>>> print(open('model_5.cif').read())   # mmCIF, C-alpha atoms
data_final
#
loop_
_atom_site.label_atom_id
_atom_site.label_comp_id
_atom_site.auth_asym_id
_atom_site.auth_seq_id
_atom_site.Cartn_x
_atom_site.Cartn_y
_atom_site.Cartn_z
CA MET A 264 -6.02 -61.46 -36.74
CA VAL A 265 -6.37 -60.59 -33.07
CA ASN A 266 -4.04 -62.39 -30.72
CA ASP A 267 -2.64 -61.81 -27.26
CA SER A 268 1.04 -61.44 -28.05
CA GLY A 269 2.87 -58.20 -27.13
CA GLN A 270 1.15 -57.78 -23.73
CA LEU A 271 4.36 -56.58 -22.15
CA TYR A 272 4.61 -53.75 -24.70
CA THR A 273 1.04 -52.69 -23.91
CA ILE A 274 1.78 -52.53 -20.20
CA GLU A 275 4.97 -50.57 -20.91
CA GLY A 276 3.02 -48.12 -23.04
CA LEU A 277 0.45 -47.66 -20.26
CA ALA A 278 3.15 -47.12 -17.64
CA ALA A 279 4.89 -44.56 -19.86
CA GLY A 280 1.60 -42.74 -20.40
CA ILE A 281 0.91 -42.53 -16.67
CA LEU A 282 4.49 -41.37 -16.09
CA MET A 283 4.04 -38.55 -18.60
CA LEU A 284 0.72 -37.48 -17.05
CA VAL A 285 2.24 -37.37 -13.54
CA THR A 286 5.17 -35.32 -14.86
CA ALA A 287 2.85 -32.89 -16.59
CA TYR A 288 0.78 -32.54 -13.39
CA LEU A 289 3.92 -31.85 -11.34
CA VAL A 290 5.10 -29.20 -13.81
CA VAL A 291 1.70 -27.45 -13.92
CA SER A 292 1.26 -27.46 -10.14
CA THR A 293 4.78 -26.03 -9.72
CA THR A 294 4.08 -23.04 -11.97
CA THR A 295 0.97 -22.05 -9.93
CA VAL A 296 3.42 -21.01 -7.21
CA LEU A 297 3.88 -17.92 -9.40
CA THR A 298 0.40 -16.53 -8.66
CA PRO A 299 1.09 -14.89 -5.24
CA GLN A 300 3.48 -12.40 -6.81
CA ASP A 301 0.77 -11.17 -9.20
CA VAL A 302 -1.53 -10.43 -6.27
CA HIS A 303 1.17 -8.39 -4.57
CA ILE A 304 1.90 -6.41 -7.72
CA ASN A 305 -1.78 -5.48 -7.98
CA ASP A 306 -1.85 -4.39 -4.34
CA MET A 307 1.33 -2.41 -4.76
CA GLN A 308 -0.05 -0.53 -7.76
CA LEU A 309 -3.38 0.11 -6.03
CA GLU A 310 -1.59 1.48 -2.96
CA GLN A 311 0.59 3.74 -5.09
CA LEU A 312 -2.45 4.99 -6.99
CA GLY A 313 -4.34 5.75 -3.78
CA ASN A 314 -1.41 7.63 -2.30
CA ASP A 315 -1.03 9.64 -5.50
CA VAL A 316 -4.71 10.58 -5.50
CA LEU A 317 -4.61 11.71 -1.87
CA SER A 318 -1.44 13.65 -2.60
CA MET A 319 -3.14 15.43 -5.51
CA MET A 320 -6.21 16.26 -3.42
CA ASP A 321 -4.04 17.56 -0.56
CA THR A 322 -2.08 19.92 -2.81
CA PRO A 323 -3.44 23.49 -2.94
CA ASP A 324 -4.13 25.06 -6.31
CA GLN A 325 -2.22 28.16 -5.20
CA TYR A 326 0.48 28.67 -2.59
CA GLY A 327 -1.01 29.70 0.76
CA ASN A 328 -4.52 28.46 0.00
CA PRO A 329 -6.01 25.44 1.78
CA SER A 330 -6.06 22.22 -0.23
CA SER A 331 -9.35 20.76 -1.45
CA LEU A 332 -9.00 17.93 1.10
CA THR A 333 -8.70 20.49 3.92
CA LYS A 334 -11.74 22.37 2.62
CA MET A 335 -13.80 19.18 2.37
CA ILE A 336 -13.07 18.08 5.93
CA GLN A 337 -13.78 21.56 7.33
CA SER A 338 -16.97 21.93 5.30
CA THR A 339 -20.38 21.89 7.01
CA GLU A 340 -22.25 21.08 3.81
CA PRO A 341 -24.38 17.94 4.16
CA ASN A 342 -23.29 16.26 0.91
CA ILE A 343 -19.56 16.90 1.13
CA GLU A 344 -18.87 13.16 1.58
CA GLU A 345 -20.36 12.52 -1.86
CA GLU A 346 -18.21 15.26 -3.31
CA PHE A 347 -15.13 13.71 -1.69
CA LYS A 348 -16.02 10.29 -3.11
CA ASP A 349 -16.72 11.66 -6.60
CA ASN A 350 -13.51 13.66 -6.58
CA PHE A 351 -11.40 10.75 -5.35
CA LEU A 352 -12.89 8.21 -7.74
CA TYR A 353 -12.66 10.65 -10.63
CA TYR A 354 -8.90 10.72 -10.15
CA ALA A 355 -8.53 7.01 -9.31
CA ASN A 356 -10.80 5.56 -11.99
CA ASN A 357 -9.76 7.88 -14.77
CA ALA A 358 -7.70 5.30 -16.65
CA THR A 359 -6.99 4.61 -20.28
CA ASN A 360 -6.87 1.29 -22.15
CA ILE A 361 -9.56 -0.43 -20.11
CA ALA A 362 -11.79 -2.43 -22.42
CA GLY A 363 -15.43 -1.36 -22.54
CA THR A 364 -16.02 1.65 -20.33
CA GLY A 365 -12.56 3.22 -20.25
CA TYR A 366 -13.02 3.59 -16.48
CA ASP A 367 -11.64 1.49 -13.67
CA ARG A 368 -13.97 0.05 -11.00
CA LEU A 369 -12.40 1.23 -7.74
CA ASN A 370 -14.41 1.84 -4.58
CA LEU A 371 -13.58 3.32 -1.22
CA ASN A 372 -14.36 3.70 2.46
CA ALA A 373 -12.94 6.71 4.27
CA THR A 374 -12.50 7.45 7.97
CA VAL A 375 -11.12 10.48 9.78
CA THR A 376 -9.29 10.16 13.12
CA TYR A 377 -8.72 13.20 15.34
CA LEU A 378 -8.15 14.25 18.94
CA ASP A 379 -11.07 16.25 20.33
CA GLN A 380 -10.77 19.17 22.77
CA PHE A 381 -10.41 16.75 25.73
CA ASN A 382 -7.65 14.82 23.89
CA ASN A 383 -9.92 11.82 23.35
CA MET A 384 -9.28 10.03 20.09
CA LYS A 385 -12.26 9.78 17.79
CA THR A 386 -12.58 7.86 14.54
CA VAL A 387 -15.48 8.96 12.35
CA THR A 388 -16.64 7.33 9.14
CA PHE A 389 -16.40 9.97 6.46
CA TYR A 390 -17.70 8.00 3.50
CA GLU A 391 -18.95 4.41 3.45
CA GLN A 392 -19.86 1.93 0.77
CA PRO A 393 -20.84 -1.74 1.14
CA TYR A 394 -17.67 -3.79 1.40
CA TYR A 395 -17.90 -7.51 0.69
CA ARG A 396 -14.39 -8.66 1.60
CA GLU A 397 -12.73 -7.82 -1.68
CA LYS A 398 -8.97 -7.58 -1.54
CA ALA A 399 -8.37 -4.06 -0.26
CA VAL A 400 -5.44 -1.81 0.56
CA LYS A 401 -5.36 1.10 2.98
CA VAL A 402 -3.82 4.46 2.17
CA THR A 403 -3.54 7.32 4.66
CA ARG A 404 -2.90 11.04 4.59
CA TRP A 405 -2.32 13.63 7.30
CA VAL A 406 -4.61 16.57 6.61
CA TYR A 407 -3.67 19.99 7.96
CA LEU A 408 -6.62 22.00 9.29
CA PRO A 409 -6.11 25.70 10.03
CA LYS A 410 -8.46 27.47 12.49
CA PHE A 411 -12.03 27.37 11.27
CA THR A 412 -15.68 27.98 12.17
CA PRO A 413 -18.35 26.68 12.27
CA ILE A 414 -17.69 23.11 13.47
CA PRO A 415 -19.10 20.43 11.14
CA ALA A 416 -21.63 18.22 12.95
CA ARG A 417 -20.05 15.04 11.57
CA PHE A 418 -16.91 15.63 13.68
CA PRO A 419 -18.19 16.17 17.25
CA GLY A 420 -15.77 17.95 19.58
CA ILE A 421 -13.14 18.66 16.93
CA VAL A 422 -10.68 21.43 17.84
CA SER A 423 -11.30 24.51 15.73
CA THR A 424 -9.56 27.26 17.70
CA GLU A 425 -6.01 26.30 16.70
CA ASN A 426 -4.17 24.62 13.84
CA GLN A 427 -4.45 20.87 13.97
CA THR A 428 -3.83 17.71 11.99
CA VAL A 429 -6.20 14.81 11.40
CA LEU A 430 -5.58 11.42 9.84
CA LEU A 431 -7.62 10.47 6.77
CA GLU A 432 -7.65 6.74 6.08
CA VAL A 433 -9.00 5.37 2.81
CA LEU A 434 -9.74 1.69 2.24
CA LEU A 435 -9.49 1.11 -1.49
CA TRP A 436 -10.57 -1.92 -3.49
CA ARG A 437 -11.42 -2.97 -7.02
CA GLU A 438 -14.88 -4.46 -7.53
CA MET B 225 26.13 -60.48 -18.94
CA ALA B 226 26.15 -62.01 -22.39
CA GLY B 227 23.91 -59.31 -23.90
CA MET B 228 25.93 -56.32 -22.65
CA ASN B 229 27.98 -54.27 -25.11
CA GLU B 230 29.43 -50.75 -25.28
CA ASP B 231 27.30 -49.35 -28.12
CA ALA B 232 25.17 -46.17 -27.81
CA GLN B 233 27.38 -44.41 -25.27
CA TRP B 234 26.57 -41.09 -26.96
CA ILE B 235 22.88 -41.53 -26.28
CA VAL B 236 23.46 -42.43 -22.66
CA MET B 237 25.78 -39.46 -22.17
CA LEU B 238 23.34 -37.02 -23.81
CA GLY B 239 20.57 -38.26 -21.56
CA PHE B 240 22.77 -37.69 -18.56
CA ILE B 241 23.71 -34.13 -19.65
CA ILE B 242 20.10 -33.17 -20.43
CA SER B 243 18.91 -34.35 -17.03
CA ILE B 244 21.54 -32.22 -15.28
CA ILE B 245 20.56 -29.17 -17.39
CA LEU B 246 16.90 -29.75 -16.42
CA ILE B 247 17.83 -29.65 -12.72
CA PHE B 248 19.45 -26.22 -13.16
CA LEU B 249 16.50 -24.88 -15.19
CA ALA B 250 14.11 -26.01 -12.45
CA LEU B 251 16.23 -24.18 -9.88
CA ILE B 252 16.03 -20.96 -11.92
CA VAL B 253 12.23 -21.18 -12.23
CA ASN B 254 12.01 -21.73 -8.48
CA GLN B 255 14.07 -18.60 -7.79
CA SER B 256 12.00 -16.39 -10.10
CA ALA B 257 8.81 -17.17 -8.18
CA LEU B 258 10.45 -16.20 -4.90
CA ILE B 259 12.01 -13.02 -6.26
CA GLY B 260 8.81 -11.70 -7.85
CA LYS B 261 6.96 -12.24 -4.59
CA THR B 262 9.50 -10.60 -2.33
CA THR B 263 10.13 -7.48 -4.46
CA SER B 264 6.47 -6.44 -4.70
CA GLU B 265 6.00 -7.38 -1.04
CA SER B 266 8.87 -5.22 0.09
CA VAL B 267 7.61 -2.29 -1.99
CA LEU B 268 4.22 -2.76 -0.31
CA GLU B 269 5.71 -2.83 3.16
CA PHE B 270 8.17 0.02 2.74
CA PRO B 271 6.44 3.11 4.22
CA LYS B 272 7.69 5.65 1.66
CA SER B 273 4.43 7.59 1.46
CA GLU B 274 3.90 7.54 5.24
CA ILE B 275 7.32 9.04 5.92
CA GLN B 276 6.98 11.68 3.18
CA ASP B 277 3.51 12.58 4.40
CA ALA B 278 4.46 12.92 8.08
CA ARG B 279 7.55 14.91 7.16
CA ALA B 280 5.52 17.26 4.95
CA GLU B 281 3.06 17.79 7.79
CA ILE B 282 5.83 18.66 10.25
CA MET B 283 7.38 21.08 7.75
CA GLU B 284 3.96 22.69 7.15
CA TYR B 285 3.91 23.66 10.83
CA TYR B 286 7.50 24.81 10.62
CA TRP B 287 6.78 27.10 7.69
CA ASN B 288 3.79 28.74 9.38
CA GLY B 289 5.95 29.23 12.46
CA THR B 290 3.89 27.26 15.00
CA LEU B 291 5.93 24.08 15.20
CA ASP B 292 6.98 24.55 18.85
CA GLN B 293 3.62 25.94 20.04
CA SER B 294 1.26 23.46 18.43
CA ASP B 295 0.03 20.06 19.63
CA LEU B 296 1.26 18.44 16.42
CA GLU B 297 3.58 16.05 18.23
CA GLN B 298 0.65 14.78 20.28
CA TYR B 299 -1.54 14.36 17.18
CA LEU B 300 1.11 12.49 15.23
CA TYR B 301 2.29 10.34 18.13
CA ASN B 302 -1.08 9.31 19.55
CA ILE B 303 -2.96 8.83 16.30
CA THR B 304 -0.27 6.83 14.49
CA LEU B 305 0.30 4.60 17.49
CA GLU B 306 -3.43 3.84 17.68
CA ARG B 307 -4.23 3.55 13.97
CA LYS B 308 -1.03 2.16 12.43
CA GLY B 309 1.08 0.82 15.31
CA THR B 310 3.84 3.19 14.26
CA ILE B 311 5.92 5.68 16.20
CA ILE B 312 6.43 9.17 14.78
CA TRP B 313 8.27 11.62 16.97
CA TYR B 314 10.11 14.88 16.42
CA ASP B 315 12.15 17.37 18.39
CA TYR B 316 12.41 20.99 17.27
CA ASN B 317 14.97 23.31 18.84
CA ARG B 318 14.28 26.87 17.78
CA ALA B 319 17.42 28.30 19.40
CA ALA B 320 19.79 25.82 17.78
CA GLY B 321 17.79 25.74 14.52
CA THR B 322 17.59 21.95 14.40
CA LEU B 323 14.74 19.54 13.80
CA PHE B 324 15.04 15.83 14.50
CA ILE B 325 12.42 13.48 12.98
CA HIS B 326 12.05 9.85 14.02
CA TYR B 327 9.87 7.17 12.39
CA ASN B 328 9.67 3.48 13.32
CA ASP B 329 7.02 0.99 12.23
CA GLY B 330 8.77 -2.12 13.55
CA SER B 331 10.49 -3.12 10.33
CA THR B 332 11.59 0.24 8.92
CA GLU B 333 13.28 2.94 10.97
CA TYR B 334 13.89 6.45 9.68
CA ASN B 335 15.83 9.23 11.41
CA GLU B 336 16.46 12.66 10.00
CA MET B 337 18.27 15.71 11.35
CA VAL B 338 17.39 18.98 9.64
CA ARG B 339 19.90 21.76 10.35
CA ASP B 340 20.13 25.51 9.70
CA LEU B 341 16.42 26.15 10.11
#
>>> encode(input="model_5.cif", output="structure tokens")
Amino acid sequence: MVNDSGQLYTIEGLAAGILMLVTAYLVVSTTTVLTPQDVHINDMQLEQLGNDVLSMMDTPDQYGNPSSLTKMIQSTEPNIEEEFKDNFLYYANNATNIAGTGYDRLNLNATVTYLDQFNNMKTVTFYEQPYYREKAVKVTRWVYLPKFTPIPARFPGIVSTENQTVLLEVLLWRE
Amino acid sequence: MAGMNEDAQWIVMLGFIISIILIFLALIVNQSALIGKTTSESVLEFPKSEIQDARAEIMEYYWNGTLDQSDLEQYLYNITLERKGTIIWYDYNRAAGTLFIHYNDGSTEYNEMVRDL
């Protein structure tokens, strides 16, 4: 029953199969070009979320009062960094429709940059968490500080005798 | 050329048409990748929040009446240049009631003249 006729058809079938595989590979590798845009959309949404959170925290509850961000930076309490982190992450992680916990997994590092009384620029870490090179975005906010006493020890040399503005920078990433 | 005949021209023509359609479809897929990337990238790079934030800070000083006595210009100018590589600069003329705000981060430039202050 077995003979060796039709060898040319076998080779043709093999060649066609390889041709189809190569075509499928080309098509699949072309569509992976689409992935960079997804990364940028995630970053864009994260940046927007961070800016919204800072905007909420920098808005006073009543007209004429200092905002909670202003109060936190002027505070001399030792654990105010924790309060800042809890407050920020409460707003940022408070999401719906996330399977399991119902909370997002965002984390942050925060620094404050200011000019001291000799006009030297100082950048102080306000809150720090271990950062293992996740994809992060940076959001910033100018924080208005009216005159205040006493000077918090975490900001050495900060001007407190006149109104001033400091820059709060938050590095934000999803674990 | 004994075996050649003119049968099956429909099949040959359809194959030709389909291959041309495939070329156009591939072009469209190619474009969509590029467009999705550039739109989210340009939203990321456009400093909407930075400009709004700096403007709000300048107006805060205007509303408490210390815009021309404070060191705000120095804070904004020095700190943004160091931390973001961006230039923010303003000029307030109390007598003329005008405020000029300038922002430039290298790719986006913003100028605003506020009158009747």
>>> residues_near_point(input="model_5.cif", point="(2.9, 8.9, 12.7)", cutoff="8 Å", atoms="all atoms listed in the file", output="ChimeraX atom specification")
/B:274,278,300-305,308,310-313,327
>>> resolve_selection(input="model_5.cif", expression="the PyMOL selection byres ((chain B) within 8 of (chain A))", output="list in words")
Ala257, Gly260, Lys261, Thr262, Ser264, Glu265, Val267, Leu268, Ser273, Glu274, Asp277, Ala278, Glu281, Ser294, Asp295, Leu296, Tyr299, Leu300 and Ile303 of chain B
>>> resolve_selection(input="model_5.cif", expression="the PyMOL selection byres ((chain A and resi 416-421) around 8)", output="list in words")
Thr339, Tyr377, Leu378, Asp379, Gln380, Val387, Ile414, Pro415, Val422 and Ser423 of chain A
>>> atom_distance(input="model_5.cif", atom1="CA of Ile282 in chain B", atom2="CA of Tyr316 in chain B")
9.9 Å
>>> residues_around(input="model_5.cif", residues="Asn317 in chain B", least_positions_apart="6", cutoff="10 Å", atoms="all atoms listed in the file", output="list in words")
Leu291, Asp292, Leu323, Phe324, Arg339 and Leu341 of chain B
>>> residues_around(input="model_5.cif", residues="Lys334 in chain A", least_positions_apart="4", cutoff="12 Å", atoms="all atoms listed in the file", output="MDAnalysis selection string")
chainID A and resid 320:323 328:330 338:340 343:344 346:347 406:412 415
>>> atom_distance(input="model_5.cif", atom1="CA of Ala355 in chain A", atom2="CA of Tyr394 in chain A")
17.7 Å
>>> atom_distance(input="model_5.cif", atom1="CA of Leu369 in chain A", atom2="CA of Trp436 in chain A")
5.6 Å
>>> resolve_selection(input="model_5.cif", expression="the PyMOL selection byres ((chain B and resi 334) around 10)", output="VMD selection string")
chain B and resid 271 275 312 325 to 329 332 to 333 335 to 336
>>> write_last_selection(input="model_5.cif", atoms="C-alpha atoms", output="PDB file, in the coordinates of the input")
ATOM      1  CA  PRO B 271       6.440   3.110   4.220  1.00  0.00           C
ATOM      2  CA  ILE B 275       7.320   9.040   5.920  1.00  0.00           C
ATOM      3  CA  ILE B 312       6.430   9.170  14.780  1.00  0.00           C
ATOM      4  CA  ILE B 325      12.420  13.480  12.980  1.00  0.00           C
ATOM      5  CA  HIS B 326      12.050   9.850  14.020  1.00  0.00           C
ATOM      6  CA  TYR B 327       9.870   7.170  12.390  1.00  0.00           C
ATOM      7  CA  ASN B 328       9.670   3.480  13.320  1.00  0.00           C
ATOM      8  CA  ASP B 329       7.020   0.990  12.230  1.00  0.00           C
ATOM      9  CA  THR B 332      11.590   0.240   8.920  1.00  0.00           C
ATOM     10  CA  GLU B 333      13.280   2.940  10.970  1.00  0.00           C
ATOM     11  CA  ASN B 335      15.830   9.230  11.410  1.00  0.00           C
ATOM     12  CA  GLU B 336      16.460  12.660  10.000  1.00  0.00           C
TER      13      GLU B 336
END
>>> decode(input="model_5.cif", residues="range 286-320 of chain B", atoms="N, CA and C atoms", output="CSV table (one decimal), in the first residue's frame")
chain,number,residue,atom,x,y,z
B,286,TYR,N,-1.7,87.9,44.3
B,286,TYR,CA,-2.4,89.1,43.8
B,286,TYR,C,-3.6,89.4,44.8
B,287,TRP,N,-4.4,88.4,45.1
B,287,TRP,CA,-5.6,88.6,45.9
B,287,TRP,C,-5.3,89.0,47.3
B,288,ASN,N,-4.1,88.5,47.8
B,288,ASN,CA,-3.8,89.0,49.2
B,288,ASN,C,-3.0,90.3,49.1
B,289,GLY,N,-2.8,90.8,47.9
B,289,GLY,CA,-2.2,92.2,47.8
B,289,GLY,C,-0.7,92.3,48.0
B,290,THR,N,0.0,91.2,47.9
B,290,THR,CA,1.4,91.3,48.1
B,290,THR,C,2.2,90.9,46.9
B,291,LEU,N,1.6,90.9,45.7
B,291,LEU,CA,2.3,90.4,44.5
B,291,LEU,C,3.5,91.2,44.2
B,292,ASP,N,3.5,92.5,44.4
B,292,ASP,CA,4.7,93.3,44.0
B,292,ASP,C,5.7,93.5,45.2
B,293,GLN,N,5.3,93.0,46.4
B,293,GLN,CA,6.3,93.1,47.5
B,293,GLN,C,7.0,91.7,47.8
B,294,SER,N,6.4,90.7,47.3
B,294,SER,CA,6.9,89.3,47.7
B,294,SER,C,8.0,88.9,46.9
B,295,ASP,N,8.7,87.8,47.3
B,295,ASP,CA,9.8,87.2,46.5
B,295,ASP,C,9.2,86.1,45.7
B,296,LEU,N,7.9,86.1,45.3
B,296,LEU,CA,7.3,85.0,44.6
B,296,LEU,C,8.1,84.7,43.3
B,297,GLU,N,8.4,85.8,42.6
B,297,GLU,CA,9.0,85.7,41.3
B,297,GLU,C,10.3,84.9,41.4
B,298,GLN,N,11.1,85.2,42.5
B,298,GLN,CA,12.3,84.5,42.7
B,298,GLN,C,12.1,83.0,43.0
B,299,TYR,N,11.1,82.7,43.8
B,299,TYR,CA,10.7,81.3,44.2
B,299,TYR,C,10.4,80.6,42.9
B,300,LEU,N,9.4,81.1,42.1
B,300,LEU,CA,9.0,80.4,40.9
B,300,LEU,C,10.1,80.2,40.0
B,301,TYR,N,10.8,81.3,39.7
B,301,TYR,CA,11.9,81.3,38.6
B,301,TYR,C,13.0,80.3,39.0
B,302,ASN,N,13.5,80.4,40.2
B,302,ASN,CA,14.7,79.6,40.6
B,302,ASN,C,14.3,78.2,40.8
B,303,ILE,N,13.2,77.9,41.5
B,303,ILE,CA,12.9,76.5,41.8
B,303,ILE,C,12.4,75.7,40.5
B,304,THR,N,11.6,76.4,39.6
B,304,THR,CA,11.3,75.6,38.4
B,304,THR,C,12.4,75.4,37.5
B,305,LEU,N,13.3,76.4,37.4
B,305,LEU,CA,14.5,76.2,36.5
B,305,LEU,C,15.3,75.0,37.1
B,306,GLU,N,15.5,74.9,38.4
B,306,GLU,CA,16.3,73.8,39.0
B,306,GLU,C,15.6,72.5,38.9
B,307,ARG,N,14.3,72.4,39.2
B,307,ARG,CA,13.6,71.1,39.4
B,307,ARG,C,13.0,70.6,38.1
B,308,LYS,N,12.5,71.5,37.3
B,308,LYS,CA,11.8,71.1,36.1
B,308,LYS,C,12.5,71.5,34.8
B,309,GLY,N,13.5,72.4,34.8
B,309,GLY,CA,14.0,72.9,33.6
B,309,GLY,C,13.1,73.8,32.8
B,310,THR,N,12.2,74.5,33.6
B,310,THR,CA,11.1,75.3,32.9
B,310,THR,C,11.3,76.7,33.4
B,311,ILE,N,10.9,77.7,32.5
B,311,ILE,CA,11.0,79.1,32.9
B,311,ILE,C,9.6,79.6,33.2
B,312,ILE,N,9.3,80.1,34.4
B,312,ILE,CA,8.1,80.8,34.7
B,312,ILE,C,8.5,82.2,35.2
B,313,TRP,N,7.8,83.2,34.6
B,313,TRP,CA,8.2,84.5,34.8
B,313,TRP,C,7.0,85.4,34.7
B,314,TYR,N,6.8,86.4,35.6
B,314,TYR,CA,5.7,87.3,35.5
B,314,TYR,C,6.1,88.8,35.7
B,315,ASP,N,5.3,89.7,35.3
B,315,ASP,CA,5.5,91.1,35.5
B,315,ASP,C,4.2,91.8,35.9
B,316,TYR,N,4.2,92.3,37.1
B,316,TYR,CA,3.0,92.9,37.6
B,316,TYR,C,3.2,94.4,37.6
B,317,ASN,N,2.3,95.2,37.0
B,317,ASN,CA,2.4,96.6,37.0
B,317,ASN,C,1.1,97.2,37.8
B,318,ARG,N,1.4,97.6,39.0
B,318,ARG,CA,0.2,98.0,39.8
B,318,ARG,C,-0.4,99.2,39.3
B,319,ALA,N,0.4,100.2,38.8
B,319,ALA,CA,-0.2,101.4,38.3
B,319,ALA,C,-1.0,101.2,37.1
B,320,ALA,N,-0.6,100.4,36.1
B,320,ALA,CA,-1.3,100.2,34.9
B,320,ALA,C,-2.4,99.1,35.1
